[in-house]
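*Asks:* I am attaching a structure below and will ask some questions about it afterwards.
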Amino acid sequence: MYMKGNYIAFMTKQPEVHLNVMFGYNDLTEADFEKTEHIGFILSVIDDKTYLVMTVRPMEGFRCIVDNADILHSVNENELTKKELAYEEMIEFTAPNVYHSHTGVQGDTLEEKCINCAKEAMENLFPNEEIACFEFCESDFLKADLLNGLQGLFDLFNIKSRDKELEEACTKFEEILQNKHFKEYYTLRVGVYENTEKKSIYYYYVAIDLKMKEVVIMRNIDERTRFFRSLGPDYDYVYECKMNITRDLLMKG
């Protein structure tokens, strides 16, 4: 298994397909392209067999979802140019305030485990903040919660009984979730006192990965946006699909 930061050679057609969609002005589809060899570094380990990778050769700056089956071999840094080694992801596409836990997970329930992970991260990254409360909530970064949230809207508007088109859209969204890959996270809201008088609080959003090893603290909308972007192109696609279906649902509702 490869790790974050490793350079690998892999086969993909994602950069070429993306460029054609953006600038091709033709009738070519993804099936018209063949995979070619690329080299890049791993931005994120999505799961045991899938990675989010940034290309550095032959084109730099494309984020690809790479399966183990498409990895050719690891690449030693001495095989790369100084320019290729210097290339980094833009700050706007990197997760903010990342903490990696070095202790065992504590707690009997999932909620307790997430709260304890968040406490540890807050104590290490923002020790001066005084915490008012923790709220375990539905996660925008978890496939099951994304689907449940959409289905909940359908139930709320009783769409299943009167609009076949939107019902089919919900089924299609479930299929999209099954075929797209992004690292998943549980979510907490952490209430922090605004001042020593403790009369008001504001909320940080905290994402905890499924292995309870990585915690990301988002203090404002800019940091949330950075985290959204860091999840990669498949997450972008999934979230856009959900928003489009939700928009159609609300207009019909």
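Every chain in the structure tokens takes a letter, A first, then B, and so on in the order presented; its residues are numbered from 1, and the ligands are numbered from 1 following the presented order.
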Would you mind listing what lies within 9 Å of His181 of chain A as a PyMOL selection string, with only C-alpha atoms counted and same-chain residues fewer than 4 positions away left out?
*Replies:* chain A and resi 46-47+50-52+65+177+232-235
*Asks:* Leaving out Ala9 of chain A and any residue of its chain fewer than 4 positions from it, which residues lie within 9 Å of it when counting only C-alpha atoms, given as a ChimeraX atom specification?
*Replies:* /A:37-41,70-75
*Asks:* Store the residues of this selection in a file with C-alpha atoms, as a PDB file, in the first residue's frame.
*Replies:*
ATOM      1  CA  GLU A  37       1.336   6.645 -18.496  1.00  0.00           C
ATOM      2  CA  HIS A  38       1.547   9.512 -16.011  1.00  0.00           C
ATOM      3  CA  ILE A  39       3.654  10.249 -12.946  1.00  0.00           C
ATOM      4  CA  GLY A  40       2.356  12.001  -9.862  1.00  0.00           C
ATOM      5  CA  PHE A  41       2.365  12.147  -6.082  1.00  0.00           C
ATOM      6  CA  ASP A  70      -3.626   1.110 -12.733  1.00  0.00           C
ATOM      7  CA  ILE A  71      -0.432   1.708 -10.714  1.00  0.00           C
ATOM      8  CA  LEU A  72       2.683   0.619 -12.611  1.00  0.00           C
ATOM      9  CA  HIS A  73       5.371   1.143  -9.974  1.00  0.00           C
ATOM     10  CA  SER A  74       6.724   3.561  -7.400  1.00  0.00           C
ATOM     11  CA  VAL A  75       8.986   6.384  -8.623  1.00  0.00           C
TER      12      VAL A  75
END
*Asks:* Under the rule of at most 12 Å, produce a per-residue listing of segment 167-239 of chain A near segment 85-100 of chain A: chain, number, name, the closest pair of atoms, and the distance in Å, as JSON lines, using only C-alpha atoms.
*Replies:*
{"residue": "A:Tyr204", "atom": "CA", "partner": "A:Asn97", "partner_atom": "CA", "distance": 11.4}
{"residue": "A:Tyr205", "atom": "CA", "partner": "A:Asn97", "partner_atom": "CA", "distance": 11.2}
{"residue": "A:Val206", "atom": "CA", "partner": "A:Asn97", "partner_atom": "CA", "distance": 9.8}
{"residue": "A:Ala207", "atom": "CA", "partner": "A:Val98", "partner_atom": "CA", "distance": 9.5}
{"residue": "A:Ile208", "atom": "CA", "partner": "A:Tyr99", "partner_atom": "CA", "distance": 9.6}
{"residue": "A:Asp209", "atom": "CA", "partner": "A:His100", "partner_atom": "CA", "distance": 10.1}
{"residue": "A:Lys211", "atom": "CA", "partner": "A:His100", "partner_atom": "CA", "distance": 10.9}
{"residue": "A:Met212", "atom": "CA", "partner": "A:His100", "partner_atom": "CA", "distance": 8.9}
{"residue": "A:Lys213", "atom": "CA", "partner": "A:His100", "partner_atom": "CA", "distance": 5.6}
{"residue": "A:Glu214", "atom": "CA", "partner": "A:His100", "partner_atom": "CA", "distance": 4.7}
{"residue": "A:Val215", "atom": "CA", "partner": "A:Tyr99", "partner_atom": "CA", "distance": 5.1}
{"residue": "A:Val216", "atom": "CA", "partner": "A:Val98", "partner_atom": "CA", "distance": 4.6}
{"residue": "A:Ile217", "atom": "CA", "partner": "A:Asn97", "partner_atom": "CA", "distance": 5.4}
{"residue": "A:Met218", "atom": "CA", "partner": "A:Pro96", "partner_atom": "CA", "distance": 6.8}
{"residue": "A:Arg219", "atom": "CA", "partner": "A:Asn97", "partner_atom": "CA", "distance": 9.0}
{"residue": "A:Asn220", "atom": "CA", "partner": "A:Pro96", "partner_atom": "CA", "distance": 10.5}
{"residue": "A:Ile221", "atom": "CA", "partner": "A:Pro96", "partner_atom": "CA", "distance": 11.4}
{"residue": "A:Asp222", "atom": "CA", "partner": "A:Glu92", "partner_atom": "CA", "distance": 8.9}
{"residue": "A:Glu223", "atom": "CA", "partner": "A:Pro96", "partner_atom": "CA", "distance": 6.1}
{"residue": "A:Arg224", "atom": "CA", "partner": "A:Pro96", "partner_atom": "CA", "distance": 8.3}
{"residue": "A:Thr225", "atom": "CA", "partner": "A:Glu92", "partner_atom": "CA", "distance": 8.1}
{"residue": "A:Arg226", "atom": "CA", "partner": "A:Phe93", "partner_atom": "CA", "distance": 5.3}
{"residue": "A:Phe227", "atom": "CA", "partner": "A:Ala95", "partner_atom": "CA", "distance": 4.5}
{"residue": "A:Phe228", "atom": "CA", "partner": "A:Ala95", "partner_atom": "CA", "distance": 8.0}
{"residue": "A:Arg229", "atom": "CA", "partner": "A:Phe93", "partner_atom": "CA", "distance": 5.1}
{"residue": "A:Ser230", "atom": "CA", "partner": "A:Phe93", "partner_atom": "CA", "distance": 4.8}
{"residue": "A:Leu231", "atom": "CA", "partner": "A:Ala95", "partner_atom": "CA", "distance": 8.4}
{"residue": "A:Gly232", "atom": "CA", "partner": "A:Phe93", "partner_atom": "CA", "distance": 8.6}
{"residue": "A:Pro233", "atom": "CA", "partner": "A:Phe93", "partner_atom": "CA", "distance": 11.0}
{"residue": "A:Asp236", "atom": "CA", "partner": "A:Phe93", "partner_atom": "CA", "distance": 11.8}
*Asks:* How many Å separate atom CA of Val66 of chain A from atom CA of Val53 of chain A?
*Replies:*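 One can read the atom CA of Val66 of chain A to atom CA of Val53 of chain A distance as 6.8 Å.
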*Asks:* Would you please work out which residue, of A:Arg63, A:Val45, A:Leu19, A:Glu112, is nearest to Gly5 of chain A when using only C-alpha atoms?
*Replies:*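 Looking at the shortest contact to Gly5 of chain A, the residue is A:Val45.
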